[in-house]
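**Student:** After the structure tokens below, expect a handful of questions from me.
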Amino acid sequence: MPASTSFGALHTVLTERLGCRVPIIQTAMGWVAEPSLVIASSNAGAFGFLGAAVMTPDECRTKLLAVRQGTDRPFGVNFHSFQPGADAIVDLILANREQVRAVSFGRGPNAKMIGRFKDAGILCIPTVGAVKHAQKMVELGVDMVTVQGGEGGGHTGSVPTTVLLPQVLDAVKVPVIASGGFGDGRGLVAALAYSAVGIAMGTRFLLTRESPVPDNAKAAYLRAGTDQIIVTTRLDGIPQRMVRTPLLDRIEKSGTIGMWLRAFEAGRDMKRQTGASWLHFIRAARGMTGHGDVPLRQAIMAATMPMLIQKAVVDGDIEHGVMATGVVAGRIGEVPSCAELVDRIMAEAESRLAALGVPQVACAA
């Protein structure tokens, strides 16, 4: 692994344990955190996560190999323990332990599975949106937690990062990574001032040149102001932050029959791609929501939500898809390369630290 340089306060537990140059994580967005983005973000010095939660085992195998061929830097893999083929994906992660340094996930893995990763030297870094979830994950044995405040994209809570982050920092004894609303060096320094060990960014990396999102979809993200980014519960009953699109506007106005039709259509599309059964979708959805008594329509919509996201961010069909986003998209106005983005964030961070009188001492990473 080539030597790299980090500086003083910007050399943290995150860079030490994950083996990256800078304390920045590229998050595992479904359909977006593909090999091209993981390779570029990792080569730029950040720590990239492959979004395997929407992949079949065969797709995951192929894309793991692609990442390994594109970078010699360590990277991570995101998965859900309730997705089709989860056991096979876990086996693939373990088989690639030489370069897969970490896994990320929401709810799902139990202490036994976390123990398997730890025994293999793979760090477990779940994403949480509440203090109690952070505490539960630490009880199960995870190594770090990523805290996503309400500014984050997709499924999100109501507590802002500036409140949730210090709450979690006070409640757990493992390193904490800040997420939700970050996009520049000022945010990185602010997170470090709270005592986080780094930041995780999704939307900001989505809007880079190496992101596989079609240009027309990227343009729609760039056009969205903060007043066009809303939180809705109409997709699957759980609050989600999205860019307003024609489909989302129709969903907001639709009744029960319309919701059932969309659930069925999305489920049919996902069945065609994965070959899984309706029963599996329902079980998977209830694992995603964390409840066994959710309404059937909500369960199906939760399990098939990736299909609606895929239409927009993979097919570029803004008319019939939905666009998950962090509210930070409302102030992003350009699409740099990952290297340009990371270098700019670090330069901004160093400038802010210098303005605050924080000494920077070079050290090997």
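For the structure tokens, the naming scheme is as follows: chains receive sequential letters (A, B, ...) according to their order of presentation, residues are indexed from 1 within each chain, and ligands are indexed from 1 in presentation order.
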Would you write out, as JSON lines, a table of all residues in stretch 167-224 of chain A that have an atom no more than 12 Å from an atom of stretch 242-256 of chain A, listing for each the closest atom pair and the distance in Å to one decimal, considering only C-alpha atoms and ordering rows by chain and rising residue number?

**Tutor:**
{"residue": "A:Thr203", "atom": "CA", "partner": "A:Met242", "partner_atom": "CA", "distance": 11.2}
{"residue": "A:Ala217", "atom": "CA", "partner": "A:Thr245", "partner_atom": "CA", "distance": 10.8}
{"residue": "A:Lys218", "atom": "CA", "partner": "A:Val243", "partner_atom": "CA", "distance": 11.6}
{"residue": "A:Ala220", "atom": "CA", "partner": "A:Val243", "partner_atom": "CA", "distance": 8.6}
{"residue": "A:Tyr221", "atom": "CA", "partner": "A:Val243", "partner_atom": "CA", "distance": 7.4}
{"residue": "A:Leu222", "atom": "CA", "partner": "A:Val243", "partner_atom": "CA", "distance": 10.4}
{"residue": "A:Arg223", "atom": "CA", "partner": "A:Val243", "partner_atom": "CA", "distance": 9.9}
{"residue": "A:Ala224", "atom": "CA", "partner": "A:Val243", "partner_atom": "CA", "distance": 6.9}

**Student:** If you run DSSP on the backbone here, which positions in stretch 70-220 of chain A get helix (DSSP H, G or I)? Please write them as number ranges by chain.

**Tutor:** A: 70, 86-95, 111-119, 131-140, 161-171, 185-194, 203-206, 215-220

**Student:** Applying 7 Å and only C-alpha atoms, which residues near A:Phe182 remain after dropping the ones on its own chain fewer than 3 positions away? List them as number ranges by chain.

**Tutor:** A: 179, 187, 201, 328

**Student:** My list of candidates is A:Thr71, A:Ser351, A:Gln167, A:Gln310. Which is closest to A:Pro212 when distances are computed with only C-alpha atoms?

**Tutor:** A:Gln310

**Student:** Using only C-alpha atoms, find each residue in stretch 104-170 of chain A having at least one atom no more than 12 Å away from stretch 16-20 of chain A; report its shortest atom-to-atom pair and that distance in Å (one decimal), rows by chain then rising number, as a Markdown table.

**Tutor:**
| residue | atom | partner | partner_atom | distance |
| --- | --- | --- | --- | --- |
| A:Gly121 | CA | A:Arg17 | CA | 10.6 |
| A:Ile122 | CA | A:Leu18 | CA | 9.5 |
| A:Leu123 | CA | A:Leu18 | CA | 8.2 |
| A:Cys124 | CA | A:Leu18 | CA | 10.9 |
| A:Ile125 | CA | A:Leu18 | CA | 10.7 |
| A:Asp143 | CA | A:Arg17 | CA | 9.9 |
| A:Met144 | CA | A:Arg17 | CA | 10.2 |

**Student:** Residues within 12 Å of A:Ala329, please, as a PyMOL selection string. Count only C-alpha atoms; anything in the same chain fewer than 2 positions from it doesn't count.

**Tutor:** chain A and resi 151-153+180-183+201-207+218-230+241-243+323-327+331-335

**Student:** Residues near stretch 195-198 of chain A, anyone? I mean within 6 Å using only C-alpha atoms, not counting same-chain ones fewer than 6 positions away, as a PyMOL selection string.

**Tutor:** chain A and resi 12+14+23-24+176-177

**Student:** Using only C-alpha atoms, tabulate the residues of stretch 30-118 of chain A lying at most 9 Å from any atom of stretch 134-141 of chain A, each with its closest atom pair and that distance in Å to one decimal, by chain and increasing residue number, as JSON lines.

**Tutor:**
{"residue": "A:Arg107", "atom": "CA", "partner": "A:Met137", "partner_atom": "CA", "distance": 8.7}
{"residue": "A:Pro109", "atom": "CA", "partner": "A:Leu140", "partner_atom": "CA", "distance": 8.9}
{"residue": "A:Asn110", "atom": "CA", "partner": "A:Leu140", "partner_atom": "CA", "distance": 6.8}
{"residue": "A:Ala111", "atom": "CA", "partner": "A:Leu140", "partner_atom": "CA", "distance": 4.9}
{"residue": "A:Lys112", "atom": "CA", "partner": "A:Leu140", "partner_atom": "CA", "distance": 8.6}
{"residue": "A:Ile114", "atom": "CA", "partner": "A:Gly141", "partner_atom": "CA", "distance": 6.8}
{"residue": "A:Gly115", "atom": "CA", "partner": "A:Gly141", "partner_atom": "CA", "distance": 7.5}
{"residue": "A:Lys118", "atom": "CA", "partner": "A:Gly141", "partner_atom": "CA", "distance": 8.7}

**Student:** So that I can check the surroundings of A:Gly85, please list as number ranges by chain every protein, DNA and RNA residue that reaches within 10 Å of it, counting only C-alpha atoms and ignoring chain neighbours fewer than 4 positions away.

**Tutor:** A: 53, 55-58, 80-81, 89-90, 274, 276
